[in-house]
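Chemist: Sharing structure-v4.pdb (PDB, C-alpha atoms) below.
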MODEL        1
ATOM      1  CA  LYS W 707      23.650 -45.126 106.463  1.00  0.00           C
ATOM      2  CA  GLN W 708      24.078 -48.160 108.710  1.00  0.00           C
ATOM      3  CA  GLU W 709      23.791 -51.500 106.955  1.00  0.00           C
ATOM      4  CA  VAL W 710      23.718 -54.859 108.707  1.00  0.00           C
ATOM      5  CA  THR W 711      24.537 -58.085 106.863  1.00  0.00           C
ATOM      6  CA  GLN W 712      24.084 -61.645 108.058  1.00  0.00           C
ATOM      7  CA  ILE W 713      25.844 -64.589 106.492  1.00  0.00           C
ATOM      8  CA  PRO W 714      24.822 -67.258 105.681  1.00  0.00           C
ATOM      9  CA  ALA W 715      21.165 -66.620 104.822  1.00  0.00           C
ATOM     10  CA  ALA W 716      20.365 -70.243 105.642  1.00  0.00           C
ATOM     11  CA  LEU W 717      22.176 -73.036 107.442  1.00  0.00           C
ATOM     12  CA  SER W 718      21.322 -76.700 107.958  1.00  0.00           C
ATOM     13  CA  VAL W 719      23.265 -78.790 110.466  1.00  0.00           C
ATOM     14  CA  PRO W 720      22.929 -82.161 112.206  1.00  0.00           C
ATOM     15  CA  GLU W 721      21.949 -82.231 115.854  1.00  0.00           C
ATOM     16  CA  GLY W 722      24.842 -81.854 118.288  1.00  0.00           C
ATOM     17  CA  GLU W 723      27.007 -79.704 116.037  1.00  0.00           C
ATOM     18  CA  ASN W 724      28.537 -76.453 117.250  1.00  0.00           C
ATOM     19  CA  LEU W 725      27.863 -73.570 114.878  1.00  0.00           C
ATOM     20  CA  VAL W 726      28.601 -69.908 114.280  1.00  0.00           C
ATOM     21  CA  LEU W 727      26.325 -67.252 112.826  1.00  0.00           C
ATOM     22  CA  ASN W 728      27.854 -64.054 111.498  1.00  0.00           C
ATOM     23  CA  CYS W 729      26.723 -60.445 111.572  1.00  0.00           C
ATOM     24  CA  SER W 730      28.570 -57.436 110.124  1.00  0.00           C
ATOM     25  CA  PHE W 731      27.761 -53.733 110.217  1.00  0.00           C
ATOM     26  CA  THR W 732      29.148 -50.810 108.248  1.00  0.00           C
ATOM     27  CA  ASP W 733      29.186 -48.015 110.861  1.00  0.00           C
ATOM     28  CA  SER W 734      31.117 -48.832 114.045  1.00  0.00           C
ATOM     29  CA  ALA W 735      29.474 -45.953 115.974  1.00  0.00           C
ATOM     30  CA  ILE W 736      26.946 -48.202 117.686  1.00  0.00           C
ATOM     31  CA  TYR W 737      25.606 -48.207 121.246  1.00  0.00           C
ATOM     32  CA  ASN W 738      24.990 -51.923 121.398  1.00  0.00           C
ATOM     33  CA  LEU W 739      24.200 -55.045 119.387  1.00  0.00           C
ATOM     34  CA  GLN W 740      21.346 -57.420 120.088  1.00  0.00           C
ATOM     35  CA  TRP W 741      20.705 -60.971 118.875  1.00  0.00           C
ATOM     36  CA  PHE W 742      17.126 -62.194 118.458  1.00  0.00           C
ATOM     37  CA  ARG W 743      15.397 -65.431 117.599  1.00  0.00           C
ATOM     38  CA  GLN W 744      12.201 -65.572 115.529  1.00  0.00           C
ATOM     39  CA  ASP W 745      10.013 -68.651 115.124  1.00  0.00           C
ATOM     40  CA  PRO W 746       7.700 -68.819 112.071  1.00  0.00           C
ATOM     41  CA  GLY W 747       4.760 -66.424 112.357  1.00  0.00           C
ATOM     42  CA  LYS W 748       5.902 -65.160 115.757  1.00  0.00           C
ATOM     43  CA  GLY W 749       7.500 -62.069 117.217  1.00  0.00           C
ATOM     44  CA  LEU W 750      11.166 -61.677 118.116  1.00  0.00           C
ATOM     45  CA  THR W 751      12.656 -63.100 121.299  1.00  0.00           C
ATOM     46  CA  SER W 752      15.736 -61.360 122.674  1.00  0.00           C
ATOM     47  CA  LEU W 753      18.697 -63.705 123.161  1.00  0.00           C
ATOM     48  CA  LEU W 754      21.677 -61.540 124.047  1.00  0.00           C
ATOM     49  CA  LEU W 755      22.528 -57.851 124.299  1.00  0.00           C
ATOM     50  CA  ILE W 756      26.170 -56.726 124.000  1.00  0.00           C
ATOM     51  CA  GLN W 757      27.034 -53.176 124.997  1.00  0.00           C
ATOM     52  CA  SER W 758      29.529 -51.360 122.797  1.00  0.00           C
ATOM     53  CA  SER W 759      32.119 -51.499 125.593  1.00  0.00           C
ATOM     54  CA  GLN W 760      31.815 -55.275 125.949  1.00  0.00           C
ATOM     55  CA  ARG W 761      33.526 -58.032 123.966  1.00  0.00           C
ATOM     56  CA  GLU W 762      31.113 -60.894 124.616  1.00  0.00           C
ATOM     57  CA  GLN W 763      28.020 -62.135 126.410  1.00  0.00           C
ATOM     58  CA  THR W 764      26.963 -65.659 127.322  1.00  0.00           C
ATOM     59  CA  SER W 765      23.617 -67.244 128.054  1.00  0.00           C
ATOM     60  CA  GLY W 766      23.482 -71.006 128.422  1.00  0.00           C
ATOM     61  CA  ARG W 767      24.644 -72.605 125.158  1.00  0.00           C
ATOM     62  CA  LEU W 768      24.815 -69.231 123.429  1.00  0.00           C
ATOM     63  CA  ASN W 769      27.832 -66.956 123.255  1.00  0.00           C
ATOM     64  CA  ALA W 770      27.913 -63.702 121.330  1.00  0.00           C
ATOM     65  CA  SER W 771      31.032 -61.690 120.609  1.00  0.00           C
ATOM     66  CA  LEU W 772      31.467 -58.143 119.374  1.00  0.00           C
ATOM     67  CA  ASP W 773      34.392 -56.518 117.568  1.00  0.00           C
ATOM     68  CA  LYS W 774      33.350 -52.919 117.010  1.00  0.00           C
ATOM     69  CA  SER W 775      36.510 -51.899 115.204  1.00  0.00           C
ATOM     70  CA  SER W 776      36.010 -54.499 112.488  1.00  0.00           C
ATOM     71  CA  GLY W 777      32.218 -54.167 112.484  1.00  0.00           C
ATOM     72  CA  ARG W 778      31.549 -57.805 113.304  1.00  0.00           C
ATOM     73  CA  SER W 779      29.604 -59.964 115.739  1.00  0.00           C
ATOM     74  CA  THR W 780      29.280 -63.724 115.949  1.00  0.00           C
ATOM     75  CA  LEU W 781      26.688 -65.884 117.689  1.00  0.00           C
ATOM     76  CA  TYR W 782      28.066 -69.249 118.747  1.00  0.00           C
ATOM     77  CA  ILE W 783      25.586 -72.034 119.499  1.00  0.00           C
ATOM     78  CA  ALA W 784      27.006 -75.071 121.262  1.00  0.00           C
ATOM     79  CA  ALA W 785      25.625 -78.582 120.943  1.00  0.00           C
ATOM     80  CA  SER W 786      22.752 -77.585 118.674  1.00  0.00           C
ATOM     81  CA  GLN W 787      19.300 -79.129 119.162  1.00  0.00           C
ATOM     82  CA  PRO W 788      16.248 -79.390 116.867  1.00  0.00           C
ATOM     83  CA  GLY W 789      14.533 -76.839 119.117  1.00  0.00           C
ATOM     84  CA  ASP W 790      17.155 -74.281 118.057  1.00  0.00           C
ATOM     85  CA  SER W 791      15.657 -74.267 114.552  1.00  0.00           C
ATOM     86  CA  ALA W 792      14.517 -70.697 113.901  1.00  0.00           C
ATOM     87  CA  THR W 793      15.608 -67.504 112.187  1.00  0.00           C
ATOM     88  CA  TYR W 794      18.304 -65.580 114.029  1.00  0.00           C
ATOM     89  CA  LEU W 795      18.503 -61.818 113.605  1.00  0.00           C
ATOM     90  CA  CYS W 796      21.087 -59.327 114.748  1.00  0.00           C
ATOM     91  CA  ALA W 797      20.397 -55.629 115.206  1.00  0.00           C
ATOM     92  CA  VAL W 798      22.490 -52.613 116.152  1.00  0.00           C
ATOM     93  CA  TYR W 799      21.465 -49.411 117.882  1.00  0.00           C
ATOM     94  CA  GLN W 800      22.621 -46.747 115.478  1.00  0.00           C
ATOM     95  CA  GLY W 801      24.828 -44.098 117.058  1.00  0.00           C
ATOM     96  CA  GLY W 802      23.185 -40.704 117.480  1.00  0.00           C
ATOM     97  CA  SER W 803      19.636 -41.961 117.220  1.00  0.00           C
ATOM     98  CA  GLU W 804      17.205 -44.342 118.862  1.00  0.00           C
ATOM     99  CA  LYS W 805      17.002 -46.672 115.898  1.00  0.00           C
ATOM    100  CA  LEU W 806      17.546 -50.419 115.799  1.00  0.00           C
ATOM    101  CA  VAL W 807      18.843 -51.492 112.391  1.00  0.00           C
ATOM    102  CA  PHE W 808      18.344 -55.158 111.505  1.00  0.00           C
ATOM    103  CA  GLY W 809      20.039 -57.678 109.305  1.00  0.00           C
ATOM    104  CA  LYS W 810      17.876 -59.999 107.186  1.00  0.00           C
ATOM    105  CA  GLY W 811      18.585 -62.983 109.398  1.00  0.00           C
ATOM    106  CA  THR W 812      19.990 -66.496 109.176  1.00  0.00           C
ATOM    107  CA  LYS W 813      17.475 -69.327 108.962  1.00  0.00           C
ATOM    108  CA  LEU W 814      18.828 -72.249 110.993  1.00  0.00           C
ATOM    109  CA  THR W 815      17.608 -75.814 110.673  1.00  0.00           C
ATOM    110  CA  VAL W 816      18.924 -78.434 113.090  1.00  0.00           C
ATOM    111  CA  ASN W 817      18.189 -81.946 111.871  1.00  0.00           C
ATOM    112  CA  PRO W 818      17.587 -84.784 114.369  1.00  0.00           C
TER     113      PRO W 818
ATOM    114  CA  ASP G1165       2.611 -60.496 133.206  1.00  0.00           C
ATOM    115  CA  GLY G1166       5.012 -57.867 131.926  1.00  0.00           C
ATOM    116  CA  GLY G1167       5.421 -57.464 128.227  1.00  0.00           C
ATOM    117  CA  ILE G1168       4.171 -56.061 124.956  1.00  0.00           C
ATOM    118  CA  THR G1169       0.722 -56.911 123.647  1.00  0.00           C
ATOM    119  CA  GLN G1170      -0.227 -56.488 120.017  1.00  0.00           C
ATOM    120  CA  SER G1171      -3.776 -56.883 118.797  1.00  0.00           C
ATOM    121  CA  PRO G1172      -5.335 -58.254 116.794  1.00  0.00           C
ATOM    122  CA  LYS G1173      -3.142 -61.171 115.759  1.00  0.00           C
ATOM    123  CA  TYR G1174      -4.737 -61.285 112.295  1.00  0.00           C
ATOM    124  CA  LEU G1175      -6.406 -58.381 110.499  1.00  0.00           C
ATOM    125  CA  PHE G1176      -8.114 -58.195 107.136  1.00  0.00           C
ATOM    126  CA  ARG G1177      -8.613 -54.913 105.364  1.00  0.00           C
ATOM    127  CA  LYS G1178     -10.582 -54.006 102.290  1.00  0.00           C
ATOM    128  CA  GLU G1179      -8.903 -51.751  99.775  1.00  0.00           C
ATOM    129  CA  GLY G1180      -9.462 -48.081 100.593  1.00  0.00           C
ATOM    130  CA  GLN G1181      -9.984 -48.631 104.314  1.00  0.00           C
ATOM    131  CA  ASN G1182      -7.891 -47.354 107.184  1.00  0.00           C
ATOM    132  CA  VAL G1183      -7.072 -49.825 109.946  1.00  0.00           C
ATOM    133  CA  THR G1184      -5.427 -49.363 113.347  1.00  0.00           C
ATOM    134  CA  LEU G1185      -3.062 -51.847 114.954  1.00  0.00           C
ATOM    135  CA  SER G1186      -2.793 -51.775 118.717  1.00  0.00           C
ATOM    136  CA  CYS G1187       0.429 -51.964 120.748  1.00  0.00           C
ATOM    137  CA  GLU G1188       0.431 -51.777 124.549  1.00  0.00           C
ATOM    138  CA  GLN G1189       3.342 -52.271 126.959  1.00  0.00           C
ATOM    139  CA  ASN G1190       3.479 -52.488 130.741  1.00  0.00           C
ATOM    140  CA  LEU G1191       7.269 -52.422 130.998  1.00  0.00           C
ATOM    141  CA  ASN G1192       7.397 -48.687 131.781  1.00  0.00           C
ATOM    142  CA  HIS G1193       9.548 -48.216 128.672  1.00  0.00           C
ATOM    143  CA  ASP G1194      10.049 -44.757 127.201  1.00  0.00           C
ATOM    144  CA  ALA G1195      10.820 -45.783 123.604  1.00  0.00           C
ATOM    145  CA  MET G1196       8.451 -47.633 121.292  1.00  0.00           C
ATOM    146  CA  TYR G1197       8.834 -48.737 117.684  1.00  0.00           C
ATOM    147  CA  TRP G1198       6.857 -50.096 114.740  1.00  0.00           C
ATOM    148  CA  TYR G1199       8.483 -52.381 112.174  1.00  0.00           C
ATOM    149  CA  ARG G1200       7.198 -54.011 109.034  1.00  0.00           C
ATOM    150  CA  GLN G1201       8.458 -57.452 107.986  1.00  0.00           C
ATOM    151  CA  ASP G1202       8.187 -58.811 104.449  1.00  0.00           C
ATOM    152  CA  PRO G1203       9.688 -62.059 103.155  1.00  0.00           C
ATOM    153  CA  GLY G1204      13.248 -61.472 101.980  1.00  0.00           C
ATOM    154  CA  GLN G1205      13.230 -57.837 103.142  1.00  0.00           C
ATOM    155  CA  GLY G1206      14.017 -58.100 106.811  1.00  0.00           C
ATOM    156  CA  LEU G1207      12.569 -55.670 109.352  1.00  0.00           C
ATOM    157  CA  ARG G1208      12.051 -52.085 108.241  1.00  0.00           C
ATOM    158  CA  LEU G1209      11.360 -49.231 110.648  1.00  0.00           C
ATOM    159  CA  ILE G1210       8.071 -47.374 110.137  1.00  0.00           C
ATOM    160  CA  TYR G1211       7.896 -44.977 113.106  1.00  0.00           C
ATOM    161  CA  TYR G1212       9.476 -44.653 116.521  1.00  0.00           C
ATOM    162  CA  SER G1213       8.800 -42.642 119.647  1.00  0.00           C
ATOM    163  CA  GLN G1214      11.258 -41.770 122.380  1.00  0.00           C
ATOM    164  CA  ILE G1215       8.796 -40.071 124.736  1.00  0.00           C
ATOM    165  CA  VAL G1216       5.105 -39.334 125.076  1.00  0.00           C
ATOM    166  CA  ASN G1217       3.689 -36.870 122.531  1.00  0.00           C
ATOM    167  CA  ASP G1218       6.763 -37.197 120.313  1.00  0.00           C
ATOM    168  CA  PHE G1219       7.527 -39.509 117.396  1.00  0.00           C
ATOM    169  CA  GLN G1220       9.761 -39.659 114.344  1.00  0.00           C
ATOM    170  CA  LYS G1221       9.457 -41.169 110.895  1.00  0.00           C
ATOM    171  CA  GLY G1222      11.469 -44.249 110.142  1.00  0.00           C
ATOM    172  CA  ASP G1223      12.581 -45.496 106.759  1.00  0.00           C
ATOM    173  CA  ILE G1224       9.140 -46.343 105.319  1.00  0.00           C
ATOM    174  CA  ALA G1225       6.632 -43.976 106.993  1.00  0.00           C
ATOM    175  CA  GLU G1226       4.598 -43.121 103.890  1.00  0.00           C
ATOM    176  CA  GLY G1227       1.016 -44.338 104.178  1.00  0.00           C
ATOM    177  CA  TYR G1228       1.234 -44.805 107.955  1.00  0.00           C
ATOM    178  CA  SER G1229       0.432 -42.648 110.974  1.00  0.00           C
ATOM    179  CA  VAL G1230       0.985 -43.019 114.723  1.00  0.00           C
ATOM    180  CA  SER G1231       0.173 -41.329 118.003  1.00  0.00           C
ATOM    181  CA  ARG G1232       1.795 -41.460 121.434  1.00  0.00           C
ATOM    182  CA  GLU G1233      -0.693 -39.958 123.881  1.00  0.00           C
ATOM    183  CA  LYS G1234       0.167 -42.382 126.670  1.00  0.00           C
ATOM    184  CA  LYS G1235       3.492 -43.927 127.662  1.00  0.00           C
ATOM    185  CA  GLU G1236       2.130 -47.451 127.425  1.00  0.00           C
ATOM    186  CA  SER G1237       0.400 -47.170 124.052  1.00  0.00           C
ATOM    187  CA  PHE G1238       1.656 -46.624 120.494  1.00  0.00           C
ATOM    188  CA  PRO G1239      -1.070 -47.413 117.929  1.00  0.00           C
ATOM    189  CA  LEU G1240      -0.270 -47.602 114.215  1.00  0.00           C
ATOM    190  CA  THR G1241      -2.795 -46.640 111.561  1.00  0.00           C
ATOM    191  CA  VAL G1242      -2.354 -48.080 108.092  1.00  0.00           C
ATOM    192  CA  THR G1243      -4.065 -45.634 105.772  1.00  0.00           C
ATOM    193  CA  SER G1244      -5.525 -46.126 102.312  1.00  0.00           C
ATOM    194  CA  ALA G1245      -2.458 -44.274 100.987  1.00  0.00           C
ATOM    195  CA  GLN G1246      -0.279 -47.310 101.782  1.00  0.00           C
ATOM    196  CA  LYS G1247      -0.126 -49.079  98.423  1.00  0.00           C
ATOM    197  CA  ASN G1248       1.017 -52.480  99.599  1.00  0.00           C
ATOM    198  CA  PRO G1249      -0.057 -52.944 103.225  1.00  0.00           C
ATOM    199  CA  THR G1250      -0.096 -56.743 103.341  1.00  0.00           C
ATOM    200  CA  ALA G1251       2.721 -57.623 105.776  1.00  0.00           C
ATOM    201  CA  PHE G1252       3.631 -58.728 109.290  1.00  0.00           C
ATOM    202  CA  TYR G1253       3.783 -55.771 111.688  1.00  0.00           C
ATOM    203  CA  LEU G1254       5.899 -55.851 114.833  1.00  0.00           C
ATOM    204  CA  CYS G1255       5.885 -53.462 117.771  1.00  0.00           C
ATOM    205  CA  ALA G1256       8.828 -53.107 120.149  1.00  0.00           C
ATOM    206  CA  SER G1257       9.823 -51.117 123.197  1.00  0.00           C
ATOM    207  CA  SER G1258      12.941 -50.295 125.199  1.00  0.00           C
ATOM    208  CA  MET G1259      14.050 -48.044 128.023  1.00  0.00           C
ATOM    209  CA  GLY G1260      15.644 -45.830 125.394  1.00  0.00           C
ATOM    210  CA  GLN G1261      19.048 -44.170 125.483  1.00  0.00           C
ATOM    211  CA  GLY G1262      20.274 -46.771 122.997  1.00  0.00           C
ATOM    212  CA  THR G1263      21.874 -48.887 125.700  1.00  0.00           C
ATOM    213  CA  THR G1264      19.107 -51.198 126.769  1.00  0.00           C
ATOM    214  CA  GLU G1265      17.446 -54.319 125.511  1.00  0.00           C
ATOM    215  CA  ALA G1266      14.525 -54.082 123.086  1.00  0.00           C
ATOM    216  CA  PHE G1267      11.497 -56.341 123.497  1.00  0.00           C
ATOM    217  CA  PHE G1268       8.978 -57.275 120.839  1.00  0.00           C
ATOM    218  CA  GLY G1269       5.315 -58.170 120.701  1.00  0.00           C
ATOM    219  CA  GLN G1270       3.955 -61.225 118.902  1.00  0.00           C
ATOM    220  CA  GLY G1271       3.019 -59.300 115.767  1.00  0.00           C
ATOM    221  CA  THR G1272      -0.078 -58.551 113.708  1.00  0.00           C
ATOM    222  CA  ARG G1273      -0.493 -60.049 110.259  1.00  0.00           C
ATOM    223  CA  LEU G1274      -2.406 -57.654 108.015  1.00  0.00           C
ATOM    224  CA  THR G1275      -3.929 -58.881 104.769  1.00  0.00           C
ATOM    225  CA  VAL G1276      -5.697 -56.778 102.153  1.00  0.00           C
ATOM    226  CA  VAL G1277      -8.702 -58.573 100.669  1.00  0.00           C
TER     227      VAL G1277
ENDMDL
END
Write the structure described by the file as C-alpha cells, please.
Modeler:
Amino acid sequence: KQEVTQIPAALSVPEGENLVLNCSFTDSAIYNLQWFRQDPGKGLTSLLLIQSSQREQTSGRLNASLDKSSGRSTLYIAASQPGDSATYLCAVYQGGSEKLVFGKGTKLTVNP
Amino acid sequence: DGGITQSPKYLFRKEGQNVTLSCEQNLNHDAMYWYRQDPGQGLRLIYYSQIVNDFQKGDIAEGYSVSREKKESFPLTVTSAQKNPTAFYLCASSMGQGTTEAFFGQGTRLTVV
C-alpha cells in the first residue's frame, strides 16, 4: 500500500528565506506527483505537477524535483513571503489505479 | 469560468439524517473524486469515478454513497450509517489516465448537530 510522508509537519521561517519541503513515498511505481497549497478552510490549489519521466518542474519562485528511484520529492520555495503561509501537500498517482494518495502536509508560516 | 463547484459551503445535519453534497465540474474531465479531511489525518479517499456510470470505493467508503449519471456531476450522500460524519469534504477531478493534473473544489464543511 502506497504511503506518503511529509517532513517537517510544521515550519516557521523569517521572510526572505529560501526553504525546502520534503515528500517521500514508499512505492516508486507512480504516474506522477503533484504539489498543492491549502489555505485555512479552503480547497486545494495545484502548484506543480511532475510526470514520472521528469526530474523537476518550475513555476515562478517554486521548484519541485522528483527522484522516483529513492521515492522522494522536494518543493523549493525561493525568497519566501508572508503570503506563502499555508499548508503544502504532496500527492502521488498510484500505479495501476486512478487514485491520488496524499501526505498529511507541511504547515508553513512565513513571518514578516 | 472553468472549474469545480461544491455546494453548499456549510451544511448542518441532524443525527439520523442523510445529506447530499453536490460537486459539479465544467472541465470536461473523465475522473472525479471525493475526499474527506480531518485534522491530523490528511485527505482520505471516499469514492472515485473514472467514467460515467462507474465508480469505485476508496479507503473509507462505509456510510457513504455516490452516483455518476452525468460526466459533470458526482454527488456524495452521507448516510445515517456514517458514525462520525463531521468533517471537511473535498471534490476533485482530472482527465484521468493518471498522468494529468487534479483540480479541487472549495470544499463543504459538514457538521452534525
Chemist: Separation of atom CA of Val816 of chain W and atom CA of Ile713 of chain W, in Å?
Modeler: 16.8 Å
Chemist: Using all atoms listed in the file, pick whichever of W:Gly722, W:Gly766, W:Gly749, W:Pro788 has the shortest atom-to-atom distance to chain G.
Modeler: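 Among the listed residues, the smallest separation from chain G belongs to W:Gly749.
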Chemist: Could you check the closest approach to Leu1254 of chain G for each of G:Arg1200, G:His1193, G:Lys1173, G:Lys1221 and tell me which residue wins, using all atoms listed in the file?
Modeler: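 Using all atoms listed in the file, Leu1254 of chain G sits closest to G:Arg1200.
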Chemist: Report the distance between atom CA of Leu725 of chain W and atom CA of Tyr782 of chain W in Å, rounded to one decimal place.
Modeler: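 Value for the atom CA of Leu725 of chain W-atom CA of Tyr782 of chain W distance: 5.8 Å.
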Chemist: With chain W as the partner and 12 Å as the cut-off, tabulate the residues of chain G that qualify, each row holding the nearest pair of atoms and their distance in Å to one decimal, using all atoms listed in the file, sorted by chain and rising number, as CSV.
Modeler:
residue,atom,partner,partner_atom,distance
G:Gly1167,CA,W:Thr751,CA,11.5
G:Ile1168,CA,W:Gly749,CA,10.3
G:Thr1169,CA,W:Gly749,CA,10.7
G:Gln1170,CA,W:Gly749,CA,9.9
G:Lys1173,CA,W:Lys748,CA,9.9
G:Tyr1174,CA,W:Gly747,CA,10.8
G:Asp1194,CA,W:Glu804,CA,11.0
G:Ala1195,CA,W:Glu804,CA,8.1
G:Met1196,CA,W:Glu804,CA,9.7
G:Tyr1197,CA,W:Lys805,CA,8.6
G:Trp1198,CA,W:Leu806,CA,10.7
G:Tyr1199,CA,W:Leu806,CA,10.0
G:Arg1200,CA,W:Phe808,CA,11.5
G:Gln1201,CA,W:Lys810,CA,9.8
G:Asp1202,CA,W:Lys810,CA,10.1
G:Pro1203,CA,W:Lys810,CA,9.4
G:Gly1204,CA,W:Lys810,CA,7.1
G:Gln1205,CA,W:Lys810,CA,6.5
G:Gly1206,CA,W:Lys810,CA,4.3
G:Leu1207,CA,W:Phe808,CA,6.2
G:Arg1208,CA,W:Phe808,CA,7.7
G:Leu1209,CA,W:Val807,CA,8.0
G:Ile1210,CA,W:Lys805,CA,10.7
G:Tyr1211,CA,W:Lys805,CA,9.7
G:Tyr1212,CA,W:Lys805,CA,7.8
G:Ser1213,CA,W:Glu804,CA,8.6
G:Gln1214,CA,W:Glu804,CA,7.4
G:Ile1215,CA,W:Glu804,CA,11.1
G:Phe1219,CA,W:Glu804,CA,10.9
G:Gln1220,CA,W:Glu804,CA,9.9
G:Lys1221,CA,W:Lys805,CA,10.6
G:Gly1222,CA,W:Lys805,CA,8.3
G:Asp1223,CA,W:Lys805,CA,10.2
G:Ala1251,CA,W:Gly747,CA,11.2
G:Phe1252,CA,W:Gly747,CA,8.4
G:Tyr1253,CA,W:Gly749,CA,9.2
G:Leu1254,CA,W:Gly749,CA,6.8
G:Cys1255,CA,W:Gly749,CA,8.8
G:Ala1256,CA,W:Leu750,CA,9.1
G:Ser1257,CA,W:Leu806,CA,10.7
G:Ser1258,CA,W:Glu804,CA,9.7
G:Met1259,CA,W:Glu804,CA,10.4
G:Gly1260,CA,W:Glu804,CA,6.9
G:Gln1261,CA,W:Glu804,CA,6.9
G:Gly1262,CA,W:Glu804,CA,5.7
G:Thr1263,CA,W:Tyr737,CA,5.9
G:Thr1264,CA,W:Leu755,CA,7.9
G:Glu1265,CA,W:Leu755,CA,6.3
G:Ala1266,CA,W:Ser752,CA,7.4
G:Phe1267,CA,W:Ser752,CA,6.6
G:Phe1268,CA,W:Leu750,CA,5.6
G:Gly1269,CA,W:Gly749,CA,5.7
G:Gln1270,CA,W:Gly749,CA,4.0
G:Gly1271,CA,W:Gly749,CA,5.5
G:Thr1272,CA,W:Gly749,CA,9.1
G:Arg1273,CA,W:Gly747,CA,8.5
Chemist: Can those selected residues be exported to a file as a tab-separated table (two decimals), in the frame of the given file so that it contains C-alpha atoms?
Modeler:
chain	number	residue	atom	x	y	z
G	1167	GLY	CA	5.42	-57.46	128.23
G	1168	ILE	CA	4.17	-56.06	124.96
G	1169	THR	CA	0.72	-56.91	123.65
G	1170	GLN	CA	-0.23	-56.49	120.02
G	1173	LYS	CA	-3.14	-61.17	115.76
G	1174	TYR	CA	-4.74	-61.28	112.30
G	1194	ASP	CA	10.05	-44.76	127.20
G	1195	ALA	CA	10.82	-45.78	123.60
G	1196	MET	CA	8.45	-47.63	121.29
G	1197	TYR	CA	8.83	-48.74	117.68
G	1198	TRP	CA	6.86	-50.10	114.74
G	1199	TYR	CA	8.48	-52.38	112.17
G	1200	ARG	CA	7.20	-54.01	109.03
G	1201	GLN	CA	8.46	-57.45	107.99
G	1202	ASP	CA	8.19	-58.81	104.45
G	1203	PRO	CA	9.69	-62.06	103.16
G	1204	GLY	CA	13.25	-61.47	101.98
G	1205	GLN	CA	13.23	-57.84	103.14
G	1206	GLY	CA	14.02	-58.10	106.81
G	1207	LEU	CA	12.57	-55.67	109.35
G	1208	ARG	CA	12.05	-52.08	108.24
G	1209	LEU	CA	11.36	-49.23	110.65
G	1210	ILE	CA	8.07	-47.37	110.14
G	1211	TYR	CA	7.90	-44.98	113.11
G	1212	TYR	CA	9.48	-44.65	116.52
G	1213	SER	CA	8.80	-42.64	119.65
G	1214	GLN	CA	11.26	-41.77	122.38
G	1215	ILE	CA	8.80	-40.07	124.74
G	1219	PHE	CA	7.53	-39.51	117.40
G	1220	GLN	CA	9.76	-39.66	114.34
G	1221	LYS	CA	9.46	-41.17	110.90
G	1222	GLY	CA	11.47	-44.25	110.14
G	1223	ASP	CA	12.58	-45.50	106.76
G	1251	ALA	CA	2.72	-57.62	105.78
G	1252	PHE	CA	3.63	-58.73	109.29
G	1253	TYR	CA	3.78	-55.77	111.69
G	1254	LEU	CA	5.90	-55.85	114.83
G	1255	CYS	CA	5.88	-53.46	117.77
G	1256	ALA	CA	8.83	-53.11	120.15
G	1257	SER	CA	9.82	-51.12	123.20
G	1258	SER	CA	12.94	-50.30	125.20
G	1259	MET	CA	14.05	-48.04	128.02
G	1260	GLY	CA	15.64	-45.83	125.39
G	1261	GLN	CA	19.05	-44.17	125.48
G	1262	GLY	CA	20.27	-46.77	123.00
G	1263	THR	CA	21.87	-48.89	125.70
G	1264	THR	CA	19.11	-51.20	126.77
G	1265	GLU	CA	17.45	-54.32	125.51
G	1266	ALA	CA	14.52	-54.08	123.09
G	1267	PHE	CA	11.50	-56.34	123.50
G	1268	PHE	CA	8.98	-57.28	120.84
G	1269	GLY	CA	5.32	-58.17	120.70
G	1270	GLN	CA	3.96	-61.22	118.90
G	1271	GLY	CA	3.02	-59.30	115.77
G	1272	THR	CA	-0.08	-58.55	113.71
G	1273	ARG	CA	-0.49	-60.05	110.26
Chemist: Quick one: everything within 12 Å of Gly789 of chain W, counting all atoms listed in the file, minus sequence neighbours fewer than 2 positions away in the same chain. Send it as a PyMOL selection string.
Modeler: chain W and resi 721-722+743+745+785-787+791-793+814-818
Chemist: With C-alpha atoms retained, export the selected residues as a compact mmCIF listing (two decimals), in the frame of the given file.
Modeler:
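File produced: result-v1.txt:
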# COMPACT_ATOMS: atom_id res chain seq x y z
CA GLU W 721 21.95 -82.23 115.85
CA GLY W 722 24.84 -81.85 118.29
CA ARG W 743 15.40 -65.43 117.60
CA ASP W 745 10.01 -68.65 115.12
CA ALA W 785 25.62 -78.58 120.94
CA SER W 786 22.75 -77.58 118.67
CA GLN W 787 19.30 -79.13 119.16
CA SER W 791 15.66 -74.27 114.55
CA ALA W 792 14.52 -70.70 113.90
CA THR W 793 15.61 -67.50 112.19
CA LEU W 814 18.83 -72.25 110.99
CA THR W 815 17.61 -75.81 110.67
CA VAL W 816 18.92 -78.43 113.09
CA ASN W 817 18.19 -81.95 111.87
CA PRO W 818 17.59 -84.78 114.37
Chemist: Report, in Å with one decimal, the straight-line distance from atom CA of Ala716 of chain W to atom CA of Ser775 of chain W.
Modeler: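 It comes out at 26.2 Å.
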Chemist: How would you write as a ChimeraX atom specification the residues that get within 9 Å of (-0.3, -50.0, 119.0) in the file's frame, counting only C-alpha atoms?
Modeler: /G:1169-1171,1184-1188,1198,1230-1231,1237-1241,1255
Chemist: Save out the residues we just selected, C-alpha atoms, as a tab-separated table (two decimals), keeping the file's coordinate frame.
Modeler:
chain	number	residue	atom	x	y	z
G	1169	THR	CA	0.72	-56.91	123.65
G	1170	GLN	CA	-0.23	-56.49	120.02
G	1171	SER	CA	-3.78	-56.88	118.80
G	1184	THR	CA	-5.43	-49.36	113.35
G	1185	LEU	CA	-3.06	-51.85	114.95
G	1186	SER	CA	-2.79	-51.78	118.72
G	1187	CYS	CA	0.43	-51.96	120.75
G	1188	GLU	CA	0.43	-51.78	124.55
G	1198	TRP	CA	6.86	-50.10	114.74
G	1230	VAL	CA	0.98	-43.02	114.72
G	1231	SER	CA	0.17	-41.33	118.00
G	1237	SER	CA	0.40	-47.17	124.05
G	1238	PHE	CA	1.66	-46.62	120.49
G	1239	PRO	CA	-1.07	-47.41	117.93
G	1240	LEU	CA	-0.27	-47.60	114.22
G	1241	THR	CA	-2.80	-46.64	111.56
G	1255	CYS	CA	5.88	-53.46	117.77
Chemist: Would you mind listing what lies within 7 Å of Val726 of chain W as a PyMOL selection string, with all atoms listed in the file counted and same-chain residues fewer than 5 positions away left out?
Modeler: chain W and resi 780-783
